[in-house]
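Trainee: Enclosed is the structure file work18.txt (compact mmCIF, C-alpha atoms).
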# COMPACT_ATOMS: atom_id res chain seq x y z
CA MET A 1 8.58 23.18 163.22
CA THR A 2 7.81 25.42 166.20
CA ARG A 3 4.07 25.95 166.50
CA ILE A 4 3.08 29.64 166.37
CA LEU A 5 0.14 30.22 168.69
CA PRO A 6 -2.16 33.24 168.81
CA THR A 7 -1.99 35.48 171.89
CA PRO A 8 -4.22 38.17 173.41
CA ASP A 9 -1.88 40.73 171.81
CA ARG A 10 -2.06 39.00 168.41
CA PRO A 11 -5.34 37.07 168.40
CA LEU A 12 -6.50 34.71 165.68
CA ARG A 13 -9.29 36.57 163.87
CA ILE A 14 -12.29 34.35 163.07
CA GLY A 15 -14.55 35.69 160.31
CA THR A 16 -18.25 34.82 160.28
CA ARG A 17 -21.70 36.00 159.32
CA GLY A 18 -23.67 37.60 162.13
CA SER A 19 -26.68 35.33 162.55
CA PRO A 20 -27.13 33.49 165.86
CA LEU A 21 -26.32 30.18 164.16
CA ALA A 22 -23.23 31.55 162.39
CA LEU A 23 -21.97 32.97 165.67
CA ALA A 24 -22.61 29.66 167.44
CA GLN A 25 -20.49 27.92 164.80
CA ALA A 26 -17.70 30.50 165.13
CA HIS A 27 -17.75 30.08 168.91
CA GLU A 28 -17.61 26.29 168.57
CA THR A 29 -14.55 26.67 166.34
CA ARG A 30 -12.91 29.03 168.85
CA ASP A 31 -13.70 26.71 171.77
CA ARG A 32 -12.24 23.68 170.00
CA LEU A 33 -9.06 25.60 169.19
CA MET A 34 -8.82 26.80 172.80
CA ALA A 35 -9.14 23.23 174.08
CA ALA A 36 -6.75 21.75 171.51
CA HIS A 37 -3.97 24.26 172.20
CA GLY A 38 -4.60 25.30 175.81
CA LEU A 39 -5.30 28.90 174.83
CA PRO A 40 -7.41 31.57 176.57
CA GLU A 41 -10.49 33.06 174.95
CA ALA A 42 -8.62 36.37 174.63
CA ALA A 43 -6.33 34.75 172.07
CA PHE A 44 -9.22 34.80 169.59
CA GLU A 45 -11.35 37.53 168.07
CA VAL A 46 -14.67 36.81 166.37
CA VAL A 47 -15.15 39.26 163.48
CA VAL A 48 -18.69 39.65 162.13
CA ILE A 49 -18.85 40.38 158.40
CA HIS A 50 -22.08 41.42 156.69
CA THR A 51 -22.42 39.81 153.26
CA SER A 52 -24.27 40.83 150.10
CA GLY A 53 -26.57 37.86 150.60
CA ASP A 54 -27.51 38.99 154.11
CA ASN A 55 -28.20 42.53 152.93
CA ARG A 56 -30.28 41.46 149.93
CA ALA A 57 -32.17 38.90 151.99
CA MET A 58 -33.20 41.61 154.45
CA ILE A 59 -34.42 43.89 151.64
CA ALA A 60 -36.24 41.12 149.74
CA ALA A 61 -37.48 38.97 152.61
CA ASP A 62 -40.27 37.33 150.60
CA ARG A 63 -38.29 36.56 147.44
CA ALA A 64 -36.76 33.20 146.65
CA LEU A 65 -33.02 32.82 147.17
CA LYS A 66 -32.53 32.06 143.47
CA GLU A 67 -33.88 35.55 142.68
CA ILE A 68 -31.38 37.17 145.03
CA GLY A 69 -28.27 35.38 143.80
CA ASN A 70 -26.17 32.25 144.20
CA LYS A 71 -24.38 30.76 147.19
CA GLY A 72 -21.38 33.02 146.69
CA LEU A 73 -23.40 36.01 147.88
CA PHE A 74 -23.16 34.64 151.42
CA THR A 75 -19.38 34.15 151.30
CA LYS A 76 -17.96 36.82 148.96
CA GLU A 77 -17.18 39.53 151.52
CA ILE A 78 -15.89 37.02 154.06
CA GLU A 79 -13.51 35.52 151.51
CA GLU A 80 -12.41 38.99 150.42
CA ALA A 81 -11.55 39.80 154.05
CA LEU A 82 -9.64 36.52 154.32
CA THR A 83 -7.68 37.16 151.14
CA ALA A 84 -6.85 40.72 152.27
CA GLY A 85 -5.62 39.52 155.66
CA ARG A 86 -8.31 41.26 157.72
CA ILE A 87 -9.25 37.88 159.19
CA ASP A 88 -7.22 34.69 159.59
CA ILE A 89 -9.89 32.01 159.14
CA ALA A 90 -13.51 31.93 157.98
CA VAL A 91 -16.16 29.65 159.47
CA HIS A 92 -18.87 28.43 157.11
CA SER A 93 -21.92 26.18 157.02
CA MET A 94 -20.73 23.74 154.37
CA LYS A 95 -24.14 23.27 152.78
CA ASP A 96 -23.97 26.96 151.79
CA MET A 97 -20.51 26.77 150.22
CA PRO A 98 -19.73 26.76 146.49
CA THR A 99 -17.80 23.68 145.43
CA ALA A 100 -14.74 25.72 144.37
CA GLN A 101 -12.80 28.25 146.44
CA PRO A 102 -11.20 31.49 145.16
CA ALA A 103 -7.52 31.40 144.23
CA GLY A 104 -5.31 31.53 147.29
CA LEU A 105 -7.89 30.08 149.67
CA VAL A 106 -8.37 26.49 150.81
CA LEU A 107 -11.10 24.68 152.72
CA ASP A 108 -9.58 21.59 154.31
CA CYS A 109 -10.62 21.64 157.97
CA TYR A 110 -13.99 20.33 159.12
CA LEU A 111 -15.44 20.02 162.60
CA PRO A 112 -17.20 16.78 163.61
CA ARG A 113 -20.46 16.63 161.69
CA GLU A 114 -23.72 17.24 163.53
CA ASP A 115 -27.08 15.55 162.87
CA VAL A 116 -27.60 15.55 159.08
CA ARG A 117 -31.38 15.20 159.20
CA ASP A 118 -34.04 17.77 158.38
CA ALA A 119 -36.32 18.83 161.22
CA PHE A 120 -40.09 18.92 160.76
CA VAL A 121 -41.53 21.86 162.68
CA SER A 122 -45.28 22.36 163.11
CA PRO A 123 -47.76 23.33 165.83
CA ILE A 124 -50.51 21.19 164.29
CA ALA A 125 -48.93 18.01 162.87
CA ALA A 126 -46.49 15.38 164.09
CA GLY A 127 -45.04 14.70 160.65
CA ILE A 128 -45.42 15.22 156.91
CA ALA A 129 -48.06 12.51 156.59
CA ASP A 130 -50.18 14.17 159.27
CA LEU A 131 -50.50 17.55 157.55
CA PRO A 132 -54.09 18.37 156.51
CA GLN A 133 -55.00 18.23 152.84
CA GLY A 134 -53.95 21.47 151.14
CA ALA A 135 -52.02 22.81 154.14
CA VAL A 136 -49.62 25.71 153.56
CA VAL A 137 -46.00 24.74 154.15
CA GLY A 138 -43.11 27.18 154.01
CA SER A 139 -39.47 26.63 153.17
CA SER A 140 -36.62 28.67 151.71
CA SER A 141 -35.04 25.49 150.36
CA LEU A 142 -35.83 24.56 146.77
CA ARG A 143 -34.60 21.07 147.58
CA ARG A 144 -37.05 20.62 150.46
CA ARG A 145 -39.97 22.09 148.50
CA ALA A 146 -39.27 19.82 145.52
CA GLN A 147 -38.99 16.72 147.72
CA LEU A 148 -42.20 17.65 149.54
CA ALA A 149 -44.04 18.30 146.28
CA ALA A 150 -43.04 14.82 145.11
CA ARG A 151 -44.47 13.24 148.24
CA ARG A 152 -47.45 15.52 148.95
CA PRO A 153 -48.52 17.31 145.75
CA ASP A 154 -51.69 18.50 147.51
CA LEU A 155 -49.78 20.88 149.80
CA GLN A 156 -49.38 24.60 149.11
CA LEU A 157 -45.65 25.35 149.16
CA VAL A 158 -44.51 28.94 149.75
CA GLU A 159 -41.22 30.80 150.15
CA PHE A 160 -40.35 31.11 153.83
CA ARG A 161 -37.06 32.71 154.85
CA GLY A 162 -35.31 34.18 157.86
CA ASN A 163 -33.17 32.86 160.68
CA VAL A 164 -34.49 30.22 163.07
CA GLN A 165 -36.00 32.78 165.43
CA THR A 166 -37.77 34.66 162.62
CA ARG A 167 -39.24 31.48 161.16
CA MET A 168 -40.50 30.37 164.56
CA ARG A 169 -42.32 33.69 165.00
CA LYS A 170 -43.97 33.33 161.60
CA LEU A 171 -44.99 29.77 162.46
CA ALA A 172 -46.54 30.89 165.75
CA ASP A 173 -48.43 33.62 163.87
CA GLY A 174 -50.03 31.02 161.60
CA VAL A 175 -48.35 32.18 158.40
CA VAL A 176 -47.77 28.51 157.54
CA ALA A 177 -48.81 25.18 159.06
CA ALA A 178 -45.30 23.72 159.00
CA THR A 179 -41.75 24.39 157.99
CA PHE A 180 -38.39 22.64 157.92
CA LEU A 181 -35.08 23.45 159.57
CA ALA A 182 -31.82 21.56 159.94
CA MET A 183 -31.47 19.45 163.08
CA ALA A 184 -27.81 20.49 163.17
CA GLY A 185 -28.68 24.16 163.48
CA LEU A 186 -31.27 23.52 166.18
CA ASN A 187 -28.81 21.40 168.14
CA ARG A 188 -26.09 24.05 167.92
CA LEU A 189 -28.52 26.71 169.14
CA GLY A 190 -29.75 24.53 172.00
CA MET A 191 -33.21 24.42 170.42
CA ALA A 192 -33.60 20.72 169.56
CA GLU A 193 -37.02 20.68 171.25
CA VAL A 194 -38.36 22.90 168.44
CA ALA A 195 -38.46 19.89 166.09
CA ARG A 196 -41.63 17.81 166.19
CA ALA A 197 -39.68 15.10 164.40
CA ALA A 198 -36.32 14.48 162.78
CA ILE A 199 -36.88 13.21 159.24
CA ALA A 200 -34.91 10.09 158.33
CA PRO A 201 -32.70 10.37 155.21
CA GLU A 202 -34.75 7.55 153.68
CA GLU A 203 -37.76 9.87 153.79
CA MET A 204 -36.05 13.15 152.87
CA LEU A 205 -32.42 12.98 151.75
CA PRO A 206 -30.61 16.04 153.16
CA ALA A 207 -28.67 18.73 151.36
CA VAL A 208 -25.08 18.01 150.43
CA ALA A 209 -22.81 18.73 153.43
CA GLN A 210 -25.74 19.46 155.75
CA GLY A 211 -24.64 19.53 159.39
CA ALA A 212 -20.97 20.20 158.60
CA ILE A 213 -18.88 23.24 159.54
CA GLY A 214 -15.91 24.10 157.34
CA ILE A 215 -13.01 26.40 158.16
CA GLU A 216 -11.37 28.27 155.28
CA ARG A 217 -7.86 29.75 155.38
CA ARG A 218 -5.24 31.25 153.12
CA THR A 219 -3.37 28.52 151.23
CA ALA A 220 0.04 29.97 152.08
CA ASP A 221 -0.68 30.39 155.81
CA ALA A 222 1.24 27.41 157.17
CA ALA A 223 0.98 28.51 160.81
CA THR A 224 -2.82 28.60 160.68
CA ALA A 225 -2.91 25.29 158.82
CA ASP A 226 -0.91 23.80 161.69
CA LEU A 227 -3.37 25.17 164.26
CA LEU A 228 -6.39 23.85 162.38
CA GLU A 229 -4.97 20.38 161.88
CA ALA A 230 -5.56 19.68 165.58
CA ILE A 231 -9.34 20.14 165.26
CA HIS A 232 -9.93 18.63 161.82
CA ASP A 233 -12.32 15.66 161.81
CA GLY A 234 -11.11 13.13 159.25
CA PRO A 235 -14.35 11.12 158.85
CA THR A 236 -16.34 14.30 158.15
CA GLY A 237 -13.80 15.29 155.53
CA GLN A 238 -13.99 11.87 153.87
CA ARG A 239 -17.76 12.09 153.62
CA LEU A 240 -17.72 15.63 152.23
CA VAL A 241 -15.22 14.73 149.51
CA ALA A 242 -17.80 12.36 148.01
CA GLU A 243 -20.80 14.64 148.52
CA ARG A 244 -19.14 17.77 147.14
CA ALA A 245 -17.77 15.87 144.13
CA PHE A 246 -21.33 14.73 143.43
CA LEU A 247 -22.57 18.32 143.69
CA ALA A 248 -19.75 19.73 141.58
CA ALA A 249 -20.36 17.24 138.76
CA LEU A 250 -24.01 18.31 138.68
CA ASP A 251 -23.02 21.99 138.64
CA GLY A 252 -25.14 22.49 141.76
CA SER A 253 -26.23 25.89 143.05
CA CYS A 254 -28.98 27.47 145.14
CA GLU A 255 -31.27 26.91 142.14
CA THR A 256 -30.69 23.16 141.93
CA PRO A 257 -32.83 20.63 143.85
CA ILE A 258 -30.01 18.24 144.70
CA ALA A 259 -29.68 16.02 147.76
CA GLY A 260 -26.76 13.87 148.78
CA LEU A 261 -25.42 12.01 151.78
CA ALA A 262 -22.28 9.94 152.27
CA GLU A 263 -21.93 7.65 155.27
CA LEU A 264 -19.06 5.51 156.52
CA GLU A 265 -19.69 1.81 156.99
CA GLY A 266 -16.57 0.17 158.35
CA GLY A 267 -13.86 0.86 155.82
CA ALA A 268 -16.30 1.69 153.02
CA LEU A 269 -18.26 4.72 151.88
CA TRP A 270 -21.97 4.63 151.04
CA LEU A 271 -23.13 7.58 148.93
CA ARG A 272 -26.76 8.33 148.11
CA GLY A 273 -27.84 11.13 145.80
CA GLU A 274 -30.90 12.45 144.03
CA ILE A 275 -32.03 15.23 141.73
CA VAL A 276 -35.60 16.46 141.68
CA ARG A 277 -37.64 18.58 139.33
CA PRO A 278 -38.63 21.78 141.17
CA ASP A 279 -42.33 20.86 140.93
CA GLY A 280 -41.66 17.40 142.34
CA SER A 281 -42.93 15.65 139.21
CA GLN A 282 -39.79 13.54 138.80
CA VAL A 283 -37.16 12.24 141.20
CA LEU A 284 -33.99 10.52 140.02
CA ALA A 285 -31.98 8.73 142.71
CA GLY A 286 -28.97 6.45 142.89
CA GLU A 287 -26.19 5.25 145.16
CA ARG A 288 -22.58 4.11 145.17
CA ARG A 289 -20.48 2.05 147.55
CA GLY A 290 -16.72 1.82 147.54
CA PRO A 291 -13.44 2.43 149.37
CA VAL A 292 -13.24 5.60 151.44
CA GLY A 293 -10.32 6.82 149.37
CA ASP A 294 -12.45 6.71 146.22
CA GLY A 295 -14.96 9.27 147.52
CA ALA A 296 -14.42 11.86 144.79
CA ALA A 297 -14.69 9.24 142.03
CA LEU A 298 -17.86 7.79 143.58
CA GLY A 299 -19.47 11.23 143.71
CA THR A 300 -18.55 12.10 140.16
CA ASP A 301 -19.68 8.73 138.84
CA LEU A 302 -23.07 8.92 140.56
CA ALA A 303 -23.64 12.42 139.22
CA ARG A 304 -22.87 11.24 135.69
CA GLU A 305 -25.33 8.37 136.08
CA LEU A 306 -28.16 10.67 137.15
CA ARG A 307 -27.40 13.13 134.36
CA GLY A 308 -27.46 10.25 131.90
CA ARG A 309 -30.85 9.07 133.16
CA ALA A 310 -32.41 12.55 133.10
CA PRO A 311 -34.59 13.58 130.14
CA LYS A 312 -33.17 16.30 127.90
CA ASP A 313 -35.46 18.93 129.42
CA PHE A 314 -34.71 18.02 133.04
CA PHE A 315 -32.30 20.92 133.57
CA ASP A 316 -33.97 23.41 131.21
CA TRP A 317 -35.62 25.30 134.08
CA ARG A 318 -32.16 26.47 135.20
CA SER A 319 -31.43 28.37 132.00
In structure tokens, write the structure found in this file.
Mentor:
Amino acid sequence: MTRILPTPDRPLRIGTRGSPLALAQAHETRDRLMAAHGLPEAAFEVVVIHTSGDNRAMIAADRALKEIGNKGLFTKEIEEALTAGRIDIAVHSMKDMPTAQPAGLVLDCYLPREDVRDAFVSPIAAGIADLPQGAVVGSSSLRRRAQLAARRPDLQLVEFRGNVQTRMRKLADGVVAATFLAMAGLNRLGMAEVARAAIAPEEMLPAVAQGAIGIERRTADAATADLLEAIHDGPTGQRLVAERAFLAALDGSCETPIAGLAELEGGALWLRGEIVRPDGSQVLAGERRGPVGDGAALGTDLARELRGRAPKDFFDWRS
């Protein structure tokens, strides 16, 4: 099959949110496609799409994400543009993606995964253990707040949203004593020095798919599928199959404190997962090891185990 390449006259349109991090991810995707196919920058167009989630987040800056809506709010308009043909691909942070895609769309291309760890950011402490008794810590992530509450129930945990730059300003103003970001995002923005410490997964298991960029396309668009195949990272895809199966079997959403991480060890897959009560009063964790090709089954099986171990009221807060 003759490969159909984009040109300056008919550029490949890359849809993305407009935050600095989202744009950095879109530019990384463009740059990898340029390098893989020997194309000029003019053969690509980055199209910024404002989503319902972005708009609501700006209006309700101090409200929890679960009060604004689910993960789909940050992808709905982008996927609508993709379905309608106004863009050719959509670039997403995989930790923000629902586990199922709309009809006619597929998510099967992943860039090499960045650092999966959470970043501890504070002007007064070197790590979680060093925070003063009763310190105020901010995070927009229910998962991080629940994990922190389990480890340090003395801390005051508050909602803390905004892009990296906004959160850093609030931190400098003393709104909170510490916050958490993703090392992947800091690395992609050239801001790794912002982190006082990267938190090992053994201390704080990251969000499912943290550090991974996914590229969504129309299922029937064979030419674009051919272009993307050249930049797809197989090991990242293998890891995400297990993690997203784990999340899907738990019916995970923005309201669910779920953590999960799959790692490759030789020819095998090691999957760790946990669910946490929002107040940190109970943590249920488990792991699976098995062949790489069994990733989806490993994820589903681990999720079923944790559900089976959970008390009947464990998920009641979601209703």
Trainee: Show me, as a PyMOL selection string, the residues that have an atom within 12 Å of region 98-103 of chain A when counting all atoms listed in the file, minus same-chain residues fewer than 4 positions from it.
Mentor: chain A and resi 70-80+82-83+92-94+107-108+208-209+214-220+240-254
Trainee: Determine, using all atoms listed in the file, which residues of region 235-280 of chain A have any atom at most 10 Å from an atom of region 111-121 of chain A, and tabulate each with its shortest atom pair and distance in Å to one decimal place, rows ordered by chain and then rising number, as CSV.
Mentor:
residue,atom,partner,partner_atom,distance
A:Pro235,CA,A:Pro112,CA,7.9
A:Thr236,CA,A:Arg113,CA,5.9
A:Gly237,CA,A:Leu111,CA,8.7
A:Arg239,CA,A:Arg113,CA,9.6
A:Leu240,CA,A:Arg113,CA,9.9
A:Leu261,CA,A:Val116,CA,8.4
Trainee: Just the residues within 12 Å of Gly266 (chain A), please, counting only C-alpha atoms, with nothing from its chain fewer than 3 positions along; format it as a ChimeraX atom specification.
Mentor: /A:235,263,269-270,289-292
Trainee: In Å, how far is it from CA of Ala36 (chain A) to CA of Ala230 (chain A)?
Mentor: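 A separation of 6.4 Å between them.
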Trainee: When you look at Asp154 (chain A) with a cut-off of 12 Å (counting all atoms listed in the file), what residues show up, excluding the ones that are within fewer than 4 positions of it in the same chain? I need them as a ChimeraX atom specification.
Mentor: /A:128-129,131-137,148-150,279-280
Trainee: So the first atom is CA of Ala296 (chain A) and the second is CA of Gly234 (chain A); what is the distance between them in Å, to one decimal place?
Mentor: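 Between these atoms lies a distance of 14.9 Å.
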Trainee: One decimal, in Å: what's the spacing between CA of Gln147 (chain A) and CA of Ala182 (chain A)?
Mentor: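 Value for the CA of Gln147 (chain A)-CA of Ala182 (chain A) distance: 15.0 Å.
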Trainee: Looking at all atoms listed in the file, which of A:Leu142, A:Asp96, A:Arg272, A:Leu33 is the one that sits closest to Glu229 (chain A)?
Mentor: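 Answer, going by the shortest atom-to-atom distance: A:Leu33.
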Trainee: Which is closer to His232 (chain A) than all the others in A:Glu287, A:Phe44, A:Ala212, A:Thr179, using all atoms listed in the file?
Mentor: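 Distance minimum relative to His232 (chain A) lands on A:Ala212.
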Trainee: Using all atoms listed in the file, which of A:Ala90, A:Ile213, A:Ala207, A:Leu302 sits nearest Val47 (chain A)?
Mentor: A:Ala90
Trainee: Using all atoms listed in the file, can you tell me which of A:Ile87, A:Met34, A:Ala197, A:Ala42 comes closest to Ala178 (chain A)?
Mentor: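 Answer, going by the shortest atom-to-atom distance: A:Ala197.
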Trainee: Tell me which protein, DNA and RNA residues are within 12 Å of region 173-175 of chain A, counting only C-alpha atoms, leaving out same-chain ones fewer than 2 positions away, and put them as number ranges by chain.
Mentor: A: 122-124, 135-139, 157-161, 166-171, 177-179
Trainee: Counting all atoms listed in the file, I want the residues whose atoms come within 9 Å of (-4.7, 36.1, 165.0) in the file frame, returned as a list in words.
Mentor: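 Result, sorted by chain then residue number: Leu5, Pro6, Thr7, Pro8, Asp9, Arg10, Pro11, Leu12, Arg13, Ile14, Ala43, Phe44, Glu45, Ile87, Asp88, Ile89 and Thr224 of chain A.
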Trainee: For Arg86 (chain A), which residue out of A:Pro311, A:Gly286, A:Pro153, A:Gly15 is the nearest one, using all atoms listed in the file?
Mentor: A:Gly15
Trainee: When distances are computed from all atoms listed in the file, which of A:Asp221, A:Ala172, A:Val46, A:Val164 shows the smallest separation from Gly85 (chain A)?
Mentor: A:Asp221
